[in-house]
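All remarks here apply to the structure that follows.
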Amino acid sequence: MSSSEENVALPQLPRAAPQDGQEHDTRSENGSVSVISAPGQEDSATSSELAASSNSWVDQFSSVASSQGLNNQTPSSADSNARSESPKSNVGSNLSDSIMTDSSAVSYDNALVQPTGQPTLQVPKTKAELWREVKMLTFTRTLTILYSTTLLSLFTHIQLSILGRSKYIQSIVQLAHDERMREQWQDSMSLTSLLWGGSDMEGLPTEDDMQEVEVITEETERKYLTLSWWILHVGWKDVGERVRKGVEEVFESVSLKTKFSANELFGLVSDVRRRVEFEVTFEGKERRINFASTLLPPTPETLHHVLLQGGIPSRQASAPDATFQSLLAETRTHLTSASFERVLEVCLDRATDMLFDDLEKNVFHENEPKSGITGWEEATASLGPETKVRLAGMLPGLARWCHSAVEGLPNELVDGLGSVREVNAFSAIIYSSYEDRFR
């Protein structure tokens, strides 16, 4: 790309004027963009920000899928389209809207704003700036989908394991109750009982015996399953913001013309993952990030909002429900446990391996990793000379994988995570943890 080509300006659609009273999402010390870590925030501000999350990250991703030409567009075709009039320069904007909120996409905006707050004509971006934006947003979207899908899958496994355990215990207690009634009925109707005093029904079990079991009603179960609304509409923005910062720190200085092997790209992605999954403490040590606030609403106000947005009637959402609070507390305990931390790490490794397996076949054109070798790095280490591809040539392959990870049926990413041994073991631990409650 010559210097003259890099300075070719493309027209860009002006951004919509911000609504009156609209505020940017408050950020926590970890770079959060949702209301999770907003100290001192008013309830009205919280409600307005949550109300803005009407569409899930899947909906936002799918809404721009048909308008993007990134899947079938090569760098050469993109250069030719950049000089034509028909393709718009909002490719990066569309990608941004599919993975970020307006507040987090402001950093890419070059609009000139008048003192009155109304935007004027924007400064056109050069081809180099547009390609940089596409590069950043492609990697950001890919890793955000990877993290969000993994977290949602594990959260669903926890929910189903807790509900399944309750149903199992309820059925066992009911079966024992019915068996005791049958046996005592037979004893009361025996010949001895008839000759020496008739039937005695006082010893029969009553419904009070079933009160020891915490029965989950259909209404409570619906409220509990509605909790996934949080990560789909709010929690993913925290993940997306952390990923965006990590991608910018790692890929900012990487040229689109630079050729990388699969192993070299894997190293860059691993560096981004380290920045997303760990934070530096005041003592200068790294500690692993806890994603509990990404999966569950942290305050009673946000919890009430989630239930309302999930279709729960206001009366049911506001009514006291001890069983629901018990389920919520147990779920939070599992999300903050060391077992979940370990399972999440393994699942993220598995999801990353699946991403690079797809890139290996569709971008680098290498053979699949040999069977019996665990770990993508170890598997590819035994291959022959590695094919190197320009970073710009990897972007269409990453975009295709994003579509498959979100819209694929059956979903290979979700199925692959469900088959992880640690996930099944974690579900078994939850399913069998009832000895302290039922004797």
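We label chains A, B, ... in the order they appear in the structure tokens, count residues from 1 in each chain, and number ligands from 1 in the order shown.
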Problem set entry | Contact residues around Lys223 (chain A) with only C-alpha atoms at 9 Å, ignoring same-chain residues under 3 positions, as a PyMOL selection string | chain A and resi 218-220+226-227+307+310+312+316-317+324
For this session: Would you please give, as a ChimeraX atom specification, all residues of region 282-397 of chain A that DSSP assigns to alpha helix (DSSP H) based on the backbone?
Result: /A:292-295,300-309,314-318,322-335,338-362,376-381,391-397
Exercise. From the list A:Arg315, A:Leu268, A:Ala399, A:Pro297, which residue is nearest Val254 (chain A) when using only C-alpha atoms?
Worked result: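 Result for the nearest residue to Val254 (chain A): A:Leu268.
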For Ile162 (chain A), find every residue with an atom within 8 Å (counting only C-alpha atoms), except residues of its own chain fewer than 6 positions away, and show them as a compact mmCIF listing (two decimals) with all heavy atoms, in the first residue's frame.
```
# COMPACT_ATOMS: atom_id res chain seq x y z
N LEU A 327 -31.79 -20.23 45.99
CA LEU A 327 -31.17 -20.62 44.73
C LEU A 327 -30.14 -19.59 44.28
O LEU A 327 -29.05 -19.94 43.80
CB LEU A 327 -32.24 -20.80 43.65
CG LEU A 327 -33.24 -21.93 43.83
CD1 LEU A 327 -34.31 -21.86 42.74
CD2 LEU A 327 -32.54 -23.28 43.79
N ILE A 430 -22.28 -30.43 42.03
CA ILE A 430 -23.47 -29.66 42.38
C ILE A 430 -24.68 -30.57 42.55
O ILE A 430 -25.48 -30.43 43.49
CB ILE A 430 -23.75 -28.59 41.30
CG1 ILE A 430 -22.58 -27.61 41.20
CG2 ILE A 430 -25.04 -27.85 41.59
CD1 ILE A 430 -22.71 -26.62 40.07
N TYR A 431 -24.82 -31.52 41.65
CA TYR A 431 -25.98 -32.42 41.67
C TYR A 431 -26.03 -33.25 42.95
O TYR A 431 -27.12 -33.59 43.43
CB TYR A 431 -25.94 -33.34 40.45
CG TYR A 431 -27.27 -33.91 40.06
CD1 TYR A 431 -28.10 -33.24 39.17
CD2 TYR A 431 -27.68 -35.14 40.57
CE1 TYR A 431 -29.32 -33.78 38.80
CE2 TYR A 431 -28.91 -35.68 40.21
CZ TYR A 431 -29.73 -34.98 39.32
OH TYR A 431 -30.94 -35.52 38.98
```
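Closest approach to Leu265 (chain A) among A:His177, A:Lys135, A:Leu391, A:Gly397 is made by A:Leu391 (distances from only C-alpha atoms).
Of the listed residues (A:Asn290, A:Thr217, A:Ser261, A:Thr126), A:Thr217 comes nearest to Ser166 (chain A); the distances count only C-alpha atoms.
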Problem set entry | Secondary structure check, strand (DSSP E or B) residues of region 186-361 of chain A, as a PyMOL selection string | chain A and resi 259-260+278-280+286-288
Problem set entry | 12 Å contact set for Arg287 (chain A), only C-alpha atoms, chain neighbours under 2 positions out, as a list in words | Arg274, Arg275, Val276, Glu277, Phe278, Glu279, Val280, Thr281, Phe282, Glu283, Gly284, Lys285, Ile289, Asn290 and Glu341 of chain A
Emit the selected residues as a PDB file, in the first residue's frame, including C-alpha atoms.
```
ATOM      1  CA  ARG A 274      -3.876 -12.935  30.229  1.00  0.00           C
ATOM      2  CA  ARG A 275      -4.834  -9.263  30.278  1.00  0.00           C
ATOM      3  CA  VAL A 276      -8.551 -10.115  30.310  1.00  0.00           C
ATOM      4  CA  GLU A 277      -8.479 -12.850  32.943  1.00  0.00           C
ATOM      5  CA  PHE A 278      -5.988 -11.270  35.356  1.00  0.00           C
ATOM      6  CA  GLU A 279      -5.602  -7.922  37.039  1.00  0.00           C
ATOM      7  CA  VAL A 280      -2.680  -6.360  38.864  1.00  0.00           C
ATOM      8  CA  THR A 281      -3.180  -5.643  42.567  1.00  0.00           C
ATOM      9  CA  PHE A 282      -1.748  -2.727  44.502  1.00  0.00           C
ATOM     10  CA  GLU A 283       1.044  -5.027  45.646  1.00  0.00           C
ATOM     11  CA  GLY A 284       2.046  -5.579  42.031  1.00  0.00           C
ATOM     12  CA  LYS A 285       0.818  -9.169  41.918  1.00  0.00           C
ATOM     13  CA  ILE A 289     -10.657 -11.948  37.683  1.00  0.00           C
ATOM     14  CA  ASN A 290     -13.933 -13.136  39.187  1.00  0.00           C
ATOM     15  CA  GLU A 341     -12.371 -20.873  38.563  1.00  0.00           C
TER      16      GLU A 341
END
```
Exercise. Excluding same-chain residues fewer than 6 positions from region 136-144 of chain A, what lies within 6 Å of it counting only C-alpha atoms, as a list in words?
Worked result: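 Counting only the stated atoms, we get Ile99, Gly240, Val243, Arg244 and Cys402 of chain A.
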Exercise. Nearest to Ala428 (chain A) among A:Lys245, A:Thr352, A:Thr294, A:Ser339, with distances taken over only C-alpha atoms: which residue is it?
Worked result: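 Closest to Ala428 (chain A) of all the choices is A:Ser339.
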Problem set entry | Selected residue, from A:Ser293, A:Ala176, A:Arg242, A:Glu264, that lies nearest to Trp230 (chain A) when counting only C-alpha atoms |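 Checking each of A:Ser293, A:Ala176, A:Arg242, A:Glu264 against Trp230 (chain A), counting only C-alpha atoms, the winner is A:Ser293.
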For this session: One decimal, Å: what's the distance from CA of Val134 (chain A) over to CA of Leu256 (chain A), could you say?
Result: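 CA of Leu256 (chain A) lies at a distance of 10.3 Å from CA of Val134 (chain A).
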Wanna dump the region 195-310 of chain A-region 151-156 of chain A contacts at 9 Å for me, each residue with its shortest atom pair and the distance in Å to one decimal, counting only C-alpha atoms, ordered by chain and number, as a Markdown table?
```
| residue | atom | partner | partner_atom | distance |
| --- | --- | --- | --- | --- |
| A:Leu225 | CA | A:Thr156 | CA | 8.4 |
| A:Ser228 | CA | A:Leu152 | CA | 7.5 |
| A:Ile231 | CA | A:Leu152 | CA | 7.2 |
| A:Leu232 | CA | A:Leu152 | CA | 8.2 |
| A:Phe291 | CA | A:Leu151 | CA | 8.3 |
| A:Thr294 | CA | A:Leu151 | CA | 8.7 |
| A:Leu295 | CA | A:Phe155 | CA | 7.2 |
```
For this session: Would you mind listing what lies within 12 Å of Val215 (chain A) as a PyMOL selection string, with only C-alpha atoms counted and same-chain residues fewer than 4 positions away left out?
Result: chain A and resi 163-171+173-174+210-211+219-221+322-324+326-327
With C-alpha atoms retained, write the just-selected residues as a tab-separated table (two decimals), in the first residue's frame.
```tsv
chain	number	residue	atom	x	y	z
A	163	LEU	CA	-32.79	-27.57	39.42
A	164	GLY	CA	-32.18	-31.17	38.45
A	165	ARG	CA	-30.95	-32.00	41.95
A	166	SER	CA	-34.08	-30.48	43.49
A	167	LYS	CA	-36.37	-32.43	41.17
A	168	TYR	CA	-34.49	-35.63	41.90
A	169	ILE	CA	-34.71	-35.21	45.69
A	170	GLN	CA	-38.37	-34.29	45.47
A	171	SER	CA	-39.14	-37.42	43.47
A	173	VAL	CA	-38.92	-38.24	48.94
A	174	GLN	CA	-42.31	-38.57	47.27
A	210	MET	CA	-42.99	-33.46	52.67
A	211	GLN	CA	-42.34	-30.04	54.14
A	219	GLU	CA	-42.99	-19.68	39.19
A	220	THR	CA	-39.72	-19.80	41.12
A	221	GLU	CA	-38.08	-21.91	38.46
A	322	ALA	CA	-37.28	-17.54	50.12
A	323	THR	CA	-36.72	-20.44	47.72
A	324	PHE	CA	-35.59	-18.12	44.92
A	326	SER	CA	-31.79	-19.64	48.35
A	327	LEU	CA	-31.17	-20.62	44.73
```
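Our summary of the geometry notes that CA of Gln309 (chain A) is positioned 17.4 Å from CA of Lys237 (chain A).
Checking A:Val272, A:His305, A:Pro124, A:Met394 one by one against Glu248 (chain A), counting only C-alpha atoms, you find the shortest gap at A:Val272.
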